[in-house]
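What follows is a short report on a single structure.
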Amino acid sequence: HGRQGQPGGRVLEVLVPVRGDAGGALGHAVALEEADAQLAWILPNFQPAASQDRTNAAAAVLDGLQPLDAVLAALAAAANRPAFQVTTNRGADAVYVSNLKGLTALEPLHYLFQVRACTQLALDRPDAAAADVLTGLRIAQLARQSPDMKSTLRTQALLARSLQPIWEGIVDHRWREPQLAAFQVELTRFNLLADHTNAIRRAVLAHIASWREV
């Protein structure tokens, strides 16, 4: 749901009014409507009026995510590992199959860190937000290692979503130089063009292997 002047991401629509949108009040109304749906997912007893105030909405989301703190801390530690492997199969099936639990879990897990980073920014907690941003970028980096055909699309989606809190922090002047430098280090590790061409090669080889078995 990207709009002109902003990176397209769900978190902007969850927590903050639309910025730089010629739609004005209409764009803001759409943002709040989508915020209600997301907040209701995190907080079953959420009242729609709460999303009218960004700080209150952020505090509500952070409070709703608090029971997951231990799980998210473990996931953040795991994201620092150098390798991510959901299957030992390196045949054609590994290329064709994209719905393994380990793969389908990446996007919702990444989304939790993305949402929490934006809530931390809204509550003026840039250090905590930066930690979640880095975790999100590392999850996107690990997603590159999957051999399936959708790995590049998955990585691109995660990376694009990771840019949302980075952008919000830049706009609001929340980041310090060391934090921006850490983001830059993680971002320079991505090579989306190489990932795309490698995925095409894997798909071609998988199809050749399948035809040889016919």
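Every chain in the structure tokens has a letter given in the order shown (A, B, ...), and although residue numbers restart at 1 in each chain, ligands are simply numbered from 1 in the order shown.
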
Write out as a PyMOL selection string each polymer residue whose atoms come within 12 Å of A:Ile139, counting only C-alpha atoms; drop sequence neighbours fewer than 5 positions from it.
chain A and resi 75-84+102-103+105-114+132-134+144-146+154-159+161-162+186+190

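Interatomic distance, atom CA of A:Gln141 to atom CA of A:Thr197: 16.7 Å.
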
Compile the contact shell of A:Ser98 as a PDB file with N, CA and C atoms, in the first residue's frame: residues with an atom at most 12 Å away, counting only C-alpha atoms, same-chain residues fewer than 5 positions apart removed.
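And here's selection_15.pdb as it stands now:
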ATOM      1  N   VAL A  86      16.127 -24.893   6.313  1.00  0.00           N
ATOM      2  CA  VAL A  86      14.870 -25.558   6.659  1.00  0.00           C
ATOM      3  C   VAL A  86      14.774 -26.934   6.032  1.00  0.00           C
ATOM      4  N   THR A  87      15.667 -27.250   5.119  1.00  0.00           N
ATOM      5  CA  THR A  87      15.678 -28.565   4.489  1.00  0.00           C
ATOM      6  C   THR A  87      17.099 -28.924   4.070  1.00  0.00           C
ATOM      7  N   ALA A  92      15.368 -30.943  -6.989  1.00  0.00           N
ATOM      8  CA  ALA A  92      14.376 -30.083  -7.627  1.00  0.00           C
ATOM      9  C   ALA A  92      13.265 -29.690  -6.661  1.00  0.00           C
ATOM     10  N   ASP A  93      12.877 -30.617  -5.784  1.00  0.00           N
ATOM     11  CA  ASP A  93      11.795 -30.316  -4.850  1.00  0.00           C
ATOM     12  C   ASP A  93      12.138 -29.136  -3.944  1.00  0.00           C
ATOM     13  N   LEU A 103       9.838 -21.459   6.301  1.00  0.00           N
ATOM     14  CA  LEU A 103       9.827 -20.346   5.350  1.00  0.00           C
ATOM     15  C   LEU A 103       8.608 -19.456   5.533  1.00  0.00           C
ATOM     16  N   THR A 104       7.446 -20.071   5.702  1.00  0.00           N
ATOM     17  CA  THR A 104       6.220 -19.282   5.842  1.00  0.00           C
ATOM     18  C   THR A 104       6.197 -18.506   7.156  1.00  0.00           C
ATOM     19  N   ALA A 105       6.986 -18.956   8.129  1.00  0.00           N
ATOM     20  CA  ALA A 105       7.025 -18.250   9.414  1.00  0.00           C
ATOM     21  C   ALA A 105       7.863 -16.986   9.358  1.00  0.00           C
ATOM     22  N   LEU A 106       8.728 -16.859   8.368  1.00  0.00           N
ATOM     23  CA  LEU A 106       9.649 -15.727   8.338  1.00  0.00           C
ATOM     24  C   LEU A 106       8.932 -14.382   8.275  1.00  0.00           C
ATOM     25  N   ALA A 143      16.915 -15.115   5.048  1.00  0.00           N
ATOM     26  CA  ALA A 143      15.933 -15.585   4.064  1.00  0.00           C
ATOM     27  C   ALA A 143      16.561 -15.784   2.691  1.00  0.00           C
ATOM     28  N   SER A 146      17.527 -19.583   1.443  1.00  0.00           N
ATOM     29  CA  SER A 146      16.604 -20.637   1.020  1.00  0.00           C
ATOM     30  C   SER A 146      16.758 -20.888  -0.477  1.00  0.00           C
ATOM     31  N   PRO A 147      16.760 -22.157  -0.913  1.00  0.00           N
ATOM     32  CA  PRO A 147      16.936 -22.450  -2.346  1.00  0.00           C
ATOM     33  C   PRO A 147      15.648 -22.380  -3.160  1.00  0.00           C
ATOM     34  N   ASP A 148      14.490 -22.154  -2.510  1.00  0.00           N
ATOM     35  CA  ASP A 148      13.230 -22.199  -3.248  1.00  0.00           C
ATOM     36  C   ASP A 148      13.090 -21.016  -4.206  1.00  0.00           C
ATOM     37  N   MET A 149      12.196 -21.158  -5.184  1.00  0.00           N
ATOM     38  CA  MET A 149      12.050 -20.156  -6.240  1.00  0.00           C
ATOM     39  C   MET A 149      11.539 -18.811  -5.719  1.00  0.00           C
ATOM     40  N   LYS A 150      10.844 -18.828  -4.609  1.00  0.00           N
ATOM     41  CA  LYS A 150      10.286 -17.582  -4.065  1.00  0.00           C
ATOM     42  C   LYS A 150      11.222 -16.898  -3.083  1.00  0.00           C
ATOM     43  N   SER A 151      12.418 -17.406  -2.945  1.00  0.00           N
ATOM     44  CA  SER A 151      13.328 -16.848  -1.947  1.00  0.00           C
ATOM     45  C   SER A 151      13.657 -15.382  -2.221  1.00  0.00           C
ATOM     46  N   THR A 152      13.827 -15.041  -3.492  1.00  0.00           N
ATOM     47  CA  THR A 152      14.175 -13.652  -3.791  1.00  0.00           C
ATOM     48  C   THR A 152      13.010 -12.716  -3.515  1.00  0.00           C
ATOM     49  N   LEU A 153      11.795 -13.137  -3.865  1.00  0.00           N
ATOM     50  CA  LEU A 153      10.620 -12.306  -3.584  1.00  0.00           C
ATOM     51  C   LEU A 153      10.431 -12.143  -2.079  1.00  0.00           C
ATOM     52  N   ARG A 154      10.662 -13.230  -1.347  1.00  0.00           N
ATOM     53  CA  ARG A 154      10.526 -13.173   0.113  1.00  0.00           C
ATOM     54  C   ARG A 154      11.544 -12.209   0.704  1.00  0.00           C
TER      55      ARG A 154
END

Of the candidates A:Arg54, A:Gly136, A:Ile170, A:Gly91, which one gets nearest to A:His207 if we count only C-alpha atoms?
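When distances to A:His207 are compared using only C-alpha atoms, the smallest one comes from A:Gly91.
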
For atom CA of A:Ala203 and atom CA of A:Val95, determine how far apart the two atoms are, in Å to one decimal place.
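Interatomic distance, atom CA of A:Ala203 to atom CA of A:Val95: 6.5 Å.
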
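In this comparison, which uses only C-alpha atoms, the residue of A:Asp124, A:Asp69, A:Asp63, A:Glu213 approaching A:Glu168 most closely is A:Asp124.
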
Gap from atom CA of A:Leu193 to atom CA of A:Ser210 - Å, one decimal:
25.9 Å

In terms of only C-alpha atoms, the residue from A:Arg116, A:His173, A:Arg212, A:Arg202 at minimal distance from A:Tyr96 is A:Arg202

Name the residues of stretch 47-145 of chain A that come out as helix (DSSP H, G or I) in a backbone DSSP run; write them as a PyMOL selection string.
chain A and resi 48-52+54-78+92-96+101-104+106-122+126-143
